[in-house]
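**Q** I am sharing structure-v2.txt, which consists of compact mmCIF, N, CA and C atoms and all ligand atoms:
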# COMPACT_ATOMS: atom_id res chain seq x y z
N MET B 1 2.27 33.48 24.13
CA MET B 1 1.76 34.36 25.17
C MET B 1 1.24 33.51 26.32
N THR B 2 1.71 33.81 27.49
CA THR B 2 1.29 33.07 28.67
C THR B 2 0.04 33.69 29.27
N ILE B 3 -0.92 32.86 29.61
CA ILE B 3 -2.13 33.36 30.27
C ILE B 3 -2.00 33.03 31.75
N TYR B 4 -1.90 34.05 32.57
CA TYR B 4 -1.73 33.86 34.01
C TYR B 4 -3.08 33.77 34.70
N PRO B 5 -3.14 32.99 35.77
CA PRO B 5 -4.40 32.90 36.51
C PRO B 5 -4.69 34.19 37.27
N ASP B 6 -5.95 34.34 37.68
CA ASP B 6 -6.33 35.49 38.50
C ASP B 6 -5.64 35.40 39.85
N ARG B 7 -5.57 36.54 40.53
CA ARG B 7 -5.02 36.57 41.88
C ARG B 7 -5.84 35.63 42.77
N ALA B 8 -5.13 34.86 43.63
CA ALA B 8 -5.82 33.91 44.51
C ALA B 8 -6.67 34.66 45.53
N PRO B 9 -7.80 34.08 45.95
CA PRO B 9 -8.58 34.69 47.02
C PRO B 9 -7.80 34.62 48.33
N GLU B 10 -8.16 35.46 49.30
CA GLU B 10 -7.46 35.45 50.58
C GLU B 10 -7.72 34.13 51.31
N PHE B 11 -6.66 33.55 51.86
CA PHE B 11 -6.78 32.31 52.63
C PHE B 11 -5.56 32.19 53.53
N ASP B 12 -5.65 31.31 54.53
CA ASP B 12 -4.51 30.98 55.37
C ASP B 12 -3.98 29.65 54.90
N CYS B 13 -2.67 29.59 54.61
CA CYS B 13 -2.06 28.36 54.13
C CYS B 13 -2.25 27.26 55.17
N VAL B 14 -2.68 26.09 54.74
CA VAL B 14 -2.93 24.99 55.67
C VAL B 14 -1.63 24.37 56.20
N VAL B 15 -0.51 24.68 55.58
CA VAL B 15 0.76 24.13 56.03
C VAL B 15 1.45 25.10 56.98
N CYS B 16 1.71 26.32 56.55
CA CYS B 16 2.47 27.27 57.38
C CYS B 16 1.57 28.19 58.18
N GLY B 17 0.30 28.29 57.83
CA GLY B 17 -0.65 29.11 58.56
C GLY B 17 -0.56 30.59 58.25
N LYS B 18 0.28 30.99 57.33
CA LYS B 18 0.43 32.41 57.00
C LYS B 18 -0.73 32.87 56.12
N PRO B 19 -1.18 34.14 56.36
CA PRO B 19 -2.24 34.67 55.49
C PRO B 19 -1.69 34.89 54.08
N ARG B 20 -2.46 34.50 53.10
CA ARG B 20 -2.05 34.61 51.71
C ARG B 20 -3.17 35.23 50.88
N PRO B 21 -2.93 35.74 49.72
CA PRO B 21 -1.62 35.98 49.14
C PRO B 21 -1.01 37.26 49.71
N PRO B 22 0.30 37.46 49.57
CA PRO B 22 0.90 38.70 50.04
C PRO B 22 0.41 39.86 49.18
N GLN B 23 0.77 41.09 49.60
CA GLN B 23 0.30 42.26 48.85
C GLN B 23 0.73 42.21 47.40
N TRP B 24 1.96 41.77 47.18
CA TRP B 24 2.43 41.66 45.80
C TRP B 24 2.95 40.26 45.58
N GLN B 25 2.64 39.71 44.45
CA GLN B 25 3.09 38.36 44.13
C GLN B 25 3.25 38.27 42.62
N ALA B 26 4.40 37.72 42.21
CA ALA B 26 4.62 37.55 40.77
C ALA B 26 3.53 36.67 40.19
N ARG B 27 3.05 36.99 39.01
CA ARG B 27 1.93 36.27 38.41
C ARG B 27 2.23 34.78 38.22
N GLU B 28 3.49 34.47 37.92
CA GLU B 28 3.83 33.06 37.70
C GLU B 28 3.97 32.29 39.01
N GLU B 29 3.95 33.00 40.15
CA GLU B 29 4.07 32.37 41.46
C GLU B 29 2.75 32.44 42.22
N THR B 30 1.65 32.60 41.53
CA THR B 30 0.35 32.75 42.17
C THR B 30 0.02 31.53 43.04
N ASP B 31 -0.46 31.80 44.25
CA ASP B 31 -0.86 30.74 45.16
C ASP B 31 -2.06 29.98 44.61
N ILE B 32 -2.12 28.70 44.92
CA ILE B 32 -3.31 27.91 44.64
C ILE B 32 -3.80 27.39 45.99
N PRO B 33 -4.88 27.98 46.56
CA PRO B 33 -5.35 27.55 47.87
C PRO B 33 -5.65 26.05 47.90
N PRO B 34 -5.41 25.34 48.98
CA PRO B 34 -5.17 25.87 50.33
C PRO B 34 -3.69 25.91 50.72
N VAL B 35 -2.77 25.67 49.78
CA VAL B 35 -1.34 25.67 50.11
C VAL B 35 -0.66 26.82 49.38
N CYS B 36 0.17 27.58 50.11
CA CYS B 36 0.84 28.71 49.48
C CYS B 36 1.96 28.23 48.56
N ARG B 37 2.37 29.08 47.68
CA ARG B 37 3.40 28.72 46.70
C ARG B 37 4.73 28.38 47.38
N SER B 38 5.03 29.08 48.46
CA SER B 38 6.27 28.83 49.18
C SER B 38 6.29 27.40 49.73
N CYS B 39 5.23 26.98 50.38
CA CYS B 39 5.16 25.61 50.92
C CYS B 39 5.13 24.60 49.79
N GLU B 40 4.41 24.92 48.73
CA GLU B 40 4.33 24.02 47.58
C GLU B 40 5.72 23.76 47.00
N ARG B 41 6.53 24.79 46.97
CA ARG B 41 7.85 24.71 46.37
C ARG B 41 8.89 24.14 47.32
N ASP B 42 8.85 24.53 48.60
CA ASP B 42 9.96 24.24 49.51
C ASP B 42 9.67 23.20 50.58
N TRP B 43 8.41 22.83 50.77
CA TRP B 43 8.06 21.97 51.89
C TRP B 43 8.79 20.64 51.81
N GLY B 44 9.38 20.23 52.90
CA GLY B 44 10.07 18.95 52.97
C GLY B 44 11.51 19.01 52.48
N ARG B 45 11.92 20.11 51.89
CA ARG B 45 13.28 20.22 51.38
C ARG B 45 14.19 20.94 52.36
N THR B 46 13.60 21.55 53.36
CA THR B 46 14.37 22.23 54.38
C THR B 46 13.93 21.69 55.73
N THR B 47 14.37 22.31 56.81
CA THR B 47 13.92 21.85 58.12
C THR B 47 12.43 22.09 58.30
N PHE B 48 11.84 22.98 57.49
CA PHE B 48 10.41 23.23 57.57
C PHE B 48 9.67 22.05 56.94
N GLY B 49 9.09 21.20 57.79
CA GLY B 49 8.41 20.01 57.30
C GLY B 49 9.36 18.84 57.08
N GLY B 50 10.62 19.08 57.26
CA GLY B 50 11.60 18.02 57.05
C GLY B 50 12.09 17.46 58.37
N LEU B 51 13.29 16.97 58.37
CA LEU B 51 13.87 16.38 59.57
C LEU B 51 13.90 17.39 60.71
N GLY B 52 13.41 17.00 61.87
CA GLY B 52 13.43 17.86 63.04
C GLY B 52 12.18 18.69 63.23
N ASP B 53 11.26 18.67 62.29
CA ASP B 53 10.02 19.43 62.44
C ASP B 53 9.07 18.64 63.33
N ARG B 54 8.71 19.21 64.48
CA ARG B 54 7.85 18.50 65.43
C ARG B 54 6.39 18.89 65.35
N ASN B 55 6.05 19.74 64.35
CA ASN B 55 4.67 20.17 64.19
C ASN B 55 3.84 19.01 63.63
N ARG B 56 2.84 18.56 64.41
CA ARG B 56 2.07 17.38 64.02
C ARG B 56 1.29 17.60 62.72
N ASP B 57 0.72 18.77 62.53
CA ASP B 57 -0.03 19.02 61.29
C ASP B 57 0.87 18.90 60.07
N ARG B 58 2.09 19.42 60.19
CA ARG B 58 3.00 19.33 59.05
C ARG B 58 3.46 17.90 58.83
N ARG B 59 3.57 17.13 59.90
CA ARG B 59 3.92 15.72 59.74
C ARG B 59 2.81 14.97 59.01
N ILE B 60 1.55 15.27 59.36
CA ILE B 60 0.42 14.63 58.68
C ILE B 60 0.39 15.06 57.21
N ALA B 61 0.67 16.33 56.96
CA ALA B 61 0.74 16.79 55.57
C ALA B 61 1.85 16.03 54.83
N GLY B 62 2.93 15.75 55.52
CA GLY B 62 4.01 14.97 54.92
C GLY B 62 3.57 13.57 54.59
N GLN B 63 2.75 12.97 55.45
CA GLN B 63 2.24 11.64 55.17
C GLN B 63 1.34 11.65 53.93
N ILE B 64 0.51 12.66 53.83
CA ILE B 64 -0.35 12.78 52.64
C ILE B 64 0.50 12.94 51.39
N PHE B 65 1.55 13.73 51.50
CA PHE B 65 2.47 13.94 50.38
C PHE B 65 3.10 12.61 49.94
N VAL B 66 3.56 11.84 50.91
CA VAL B 66 4.20 10.56 50.60
C VAL B 66 3.20 9.61 49.95
N LEU B 67 1.99 9.52 50.51
CA LEU B 67 0.98 8.63 49.93
C LEU B 67 0.63 9.03 48.50
N ALA B 68 0.53 10.33 48.26
CA ALA B 68 0.23 10.79 46.91
C ALA B 68 1.35 10.41 45.94
N ARG B 69 2.59 10.51 46.38
CA ARG B 69 3.72 10.14 45.53
C ARG B 69 3.71 8.63 45.24
N VAL B 70 3.40 7.84 46.26
CA VAL B 70 3.34 6.39 46.07
C VAL B 70 2.23 6.03 45.08
N LEU B 71 1.05 6.63 45.24
CA LEU B 71 -0.05 6.36 44.31
C LEU B 71 0.31 6.78 42.90
N ASP B 72 0.99 7.91 42.78
CA ASP B 72 1.42 8.38 41.46
C ASP B 72 2.37 7.36 40.83
N GLY B 73 3.30 6.87 41.60
CA GLY B 73 4.24 5.87 41.09
C GLY B 73 3.56 4.57 40.71
N GLU B 74 2.63 4.13 41.55
CA GLU B 74 1.91 2.88 41.25
C GLU B 74 1.02 3.04 40.01
N ALA B 75 0.40 4.19 39.84
CA ALA B 75 -0.42 4.43 38.65
C ALA B 75 0.45 4.39 37.40
N TYR B 76 1.62 4.95 37.48
CA TYR B 76 2.55 4.93 36.35
C TYR B 76 2.94 3.49 36.02
N ARG B 77 3.26 2.70 37.05
CA ARG B 77 3.65 1.32 36.82
C ARG B 77 2.50 0.51 36.22
N ALA B 78 1.27 0.72 36.70
CA ALA B 78 0.12 0.01 36.15
C ALA B 78 -0.11 0.39 34.69
N GLU B 79 0.04 1.66 34.39
CA GLU B 79 -0.14 2.14 33.02
C GLU B 79 0.88 1.52 32.07
N LYS B 80 2.07 1.28 32.56
CA LYS B 80 3.14 0.69 31.74
C LYS B 80 3.16 -0.84 31.79
N GLY B 81 2.16 -1.44 32.50
CA GLY B 81 2.08 -2.89 32.56
C GLY B 81 3.11 -3.52 33.48
N MET B 82 3.62 -2.77 34.42
CA MET B 82 4.64 -3.25 35.35
C MET B 82 3.99 -3.76 36.62
N GLU B 83 4.68 -4.65 37.32
CA GLU B 83 4.18 -5.16 38.60
C GLU B 83 4.21 -4.04 39.65
N PRO B 84 3.21 -4.05 40.56
CA PRO B 84 3.21 -3.02 41.61
C PRO B 84 4.34 -3.27 42.63
N ILE B 85 4.79 -2.23 43.23
CA ILE B 85 5.81 -2.34 44.28
C ILE B 85 5.12 -2.52 45.63
N TYR B 86 4.04 -1.77 45.84
CA TYR B 86 3.34 -1.80 47.13
C TYR B 86 1.97 -2.46 46.95
N GLY B 87 1.42 -2.95 48.09
CA GLY B 87 0.07 -3.48 48.09
C GLY B 87 -0.07 -4.92 47.65
N ARG B 88 1.03 -5.59 47.43
CA ARG B 88 0.93 -7.00 47.07
C ARG B 88 0.66 -7.83 48.31
N THR B 89 -0.09 -8.93 48.15
CA THR B 89 -0.37 -9.78 49.31
C THR B 89 0.49 -11.02 49.28
ZN ZN J 1 2.48 28.00 53.39
Can you give me the file's structure in the form of structure tokens?

**A**
Amino acid sequence: MTIYPDRAPEFDCVVCGKPRPPQWQAREETDIPPVCRSCERDWGRTTFGGLGDRNRDRRIAGQIFVLARVLDGEAYRAEKGMEPIYGRT
């Protein structure tokens, strides 16, 4: 039996700026503020936040996304006793 989270409180997505959550939302697709499920799932995979997007806020969000992925990768490598890829002097 799956236990679904409560409906998210009302918020504006920090990426797309749309008011969330919509009137109806599947329980398994519940938003987790401050980013809506749509941006969480699709951001950077389409022109929205991807190539050709000139919105500065979304570009900064993209930078945060990239840094988080790099840190995740480096943490994995450290845990496995591997040499780091980034940050070497
Ligand atoms: Zn959004």

**Q** From the set B:Glu83, B:Glu74, B:Asp12, B:Asp53, which residue has the shortest atom-to-atom contact distance to ligand ZN 1 (chain J), counting all atoms listed in the file?

**A** B:Asp12

**Q** Suppose you want the space between atom N of Tyr86 in chain B and atom C of Trp43 in chain B; what is it in Å?

**A**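 According to the coordinates, atom N of Tyr86 in chain B and atom C of Trp43 in chain B are separated by 23.7 Å.
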
**Q** Using Å and a single decimal, report how far atom C of Pro34 in chain B sits from atom C of Gly17 in chain B.

**A**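 The value is 9.4 Å.
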
**Q** Within 6 Å of ligand ZN 1 (chain J), which residues show up when you count all atoms listed in the file? List them as a list in words, please.

**A**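 Taking all atoms listed in the file into account, the residues around ligand ZN 1 (chain J) at most 6 Å away are Cys13, Val14, Val15, Cys16, Gly17, Lys18, Val35, Cys36, Arg37, Ser38, Cys39 and Glu40 of chain B.
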
**Q** Could you save the residues just selected, with N, CA and C atoms, as a short mmCIF file (atom, residue, chain, number, x, y, z; two decimals), in the frame of the given file?

**A**
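The file below, again00.cif, is the result:
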data_model
loop_
_atom_site.label_atom_id
_atom_site.label_comp_id
_atom_site.auth_asym_id
_atom_site.auth_seq_id
_atom_site.Cartn_x
_atom_site.Cartn_y
_atom_site.Cartn_z
N CYS B 13 -2.67 29.59 54.61
CA CYS B 13 -2.06 28.36 54.13
C CYS B 13 -2.25 27.26 55.17
N VAL B 14 -2.68 26.09 54.74
CA VAL B 14 -2.93 24.99 55.67
C VAL B 14 -1.63 24.37 56.20
N VAL B 15 -0.51 24.68 55.58
CA VAL B 15 0.76 24.13 56.03
C VAL B 15 1.45 25.10 56.98
N CYS B 16 1.71 26.32 56.55
CA CYS B 16 2.47 27.27 57.38
C CYS B 16 1.57 28.19 58.18
N GLY B 17 0.30 28.29 57.83
CA GLY B 17 -0.65 29.11 58.56
C GLY B 17 -0.56 30.59 58.25
N LYS B 18 0.28 30.99 57.33
CA LYS B 18 0.43 32.41 57.00
C LYS B 18 -0.73 32.87 56.12
N VAL B 35 -2.77 25.67 49.78
CA VAL B 35 -1.34 25.67 50.11
C VAL B 35 -0.66 26.82 49.38
N CYS B 36 0.17 27.58 50.11
CA CYS B 36 0.84 28.71 49.48
C CYS B 36 1.96 28.23 48.56
N ARG B 37 2.37 29.08 47.68
CA ARG B 37 3.40 28.72 46.70
C ARG B 37 4.73 28.38 47.38
N SER B 38 5.03 29.08 48.46
CA SER B 38 6.27 28.83 49.18
C SER B 38 6.29 27.40 49.73
N CYS B 39 5.23 26.98 50.38
CA CYS B 39 5.16 25.61 50.92
C CYS B 39 5.13 24.60 49.79
N GLU B 40 4.41 24.92 48.73
CA GLU B 40 4.33 24.02 47.58
C GLU B 40 5.72 23.76 47.00
#

**Q** Which of range 2-51 of chain B end up as strand (DSSP E or B) when DSSP is run on this backbone - answer as a list in words?

**A** Phe11, Asp12, Pro19, Arg20, Ile32 and Val35 of chain B

**Q** To one decimal in Å, tell me the separation between CA of Ile3 in chain B and CA of Asp42 in chain B.

**A**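 A separation of 24.5 Å between them.
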
**Q** Write down as number ranges by chain the residues of chain B whose backbone DSSP state falls under alpha helix (DSSP H).

**A** B: 37-42, 56-79

**Q** Using only N, CA and C atoms, which of B:Arg77, B:Arg7, B:Arg56, B:Arg41 sits nearest Arg27 in chain B?

**A**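 Nearest candidate to Arg27 in chain B out of B:Arg77, B:Arg7, B:Arg56, B:Arg41: B:Arg7.
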
**Q** For Pro21 in chain B, find every residue with an atom within 8 Å (counting only C-alpha atoms), except residues of its own chain fewer than 5 positions away, and show them as a list in words.

**A**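 So, after excluding close chain neighbours, the residues are Ala8, Pro9, Glu10, Phe11, Thr30, Asp31 and Cys36 of chain B.
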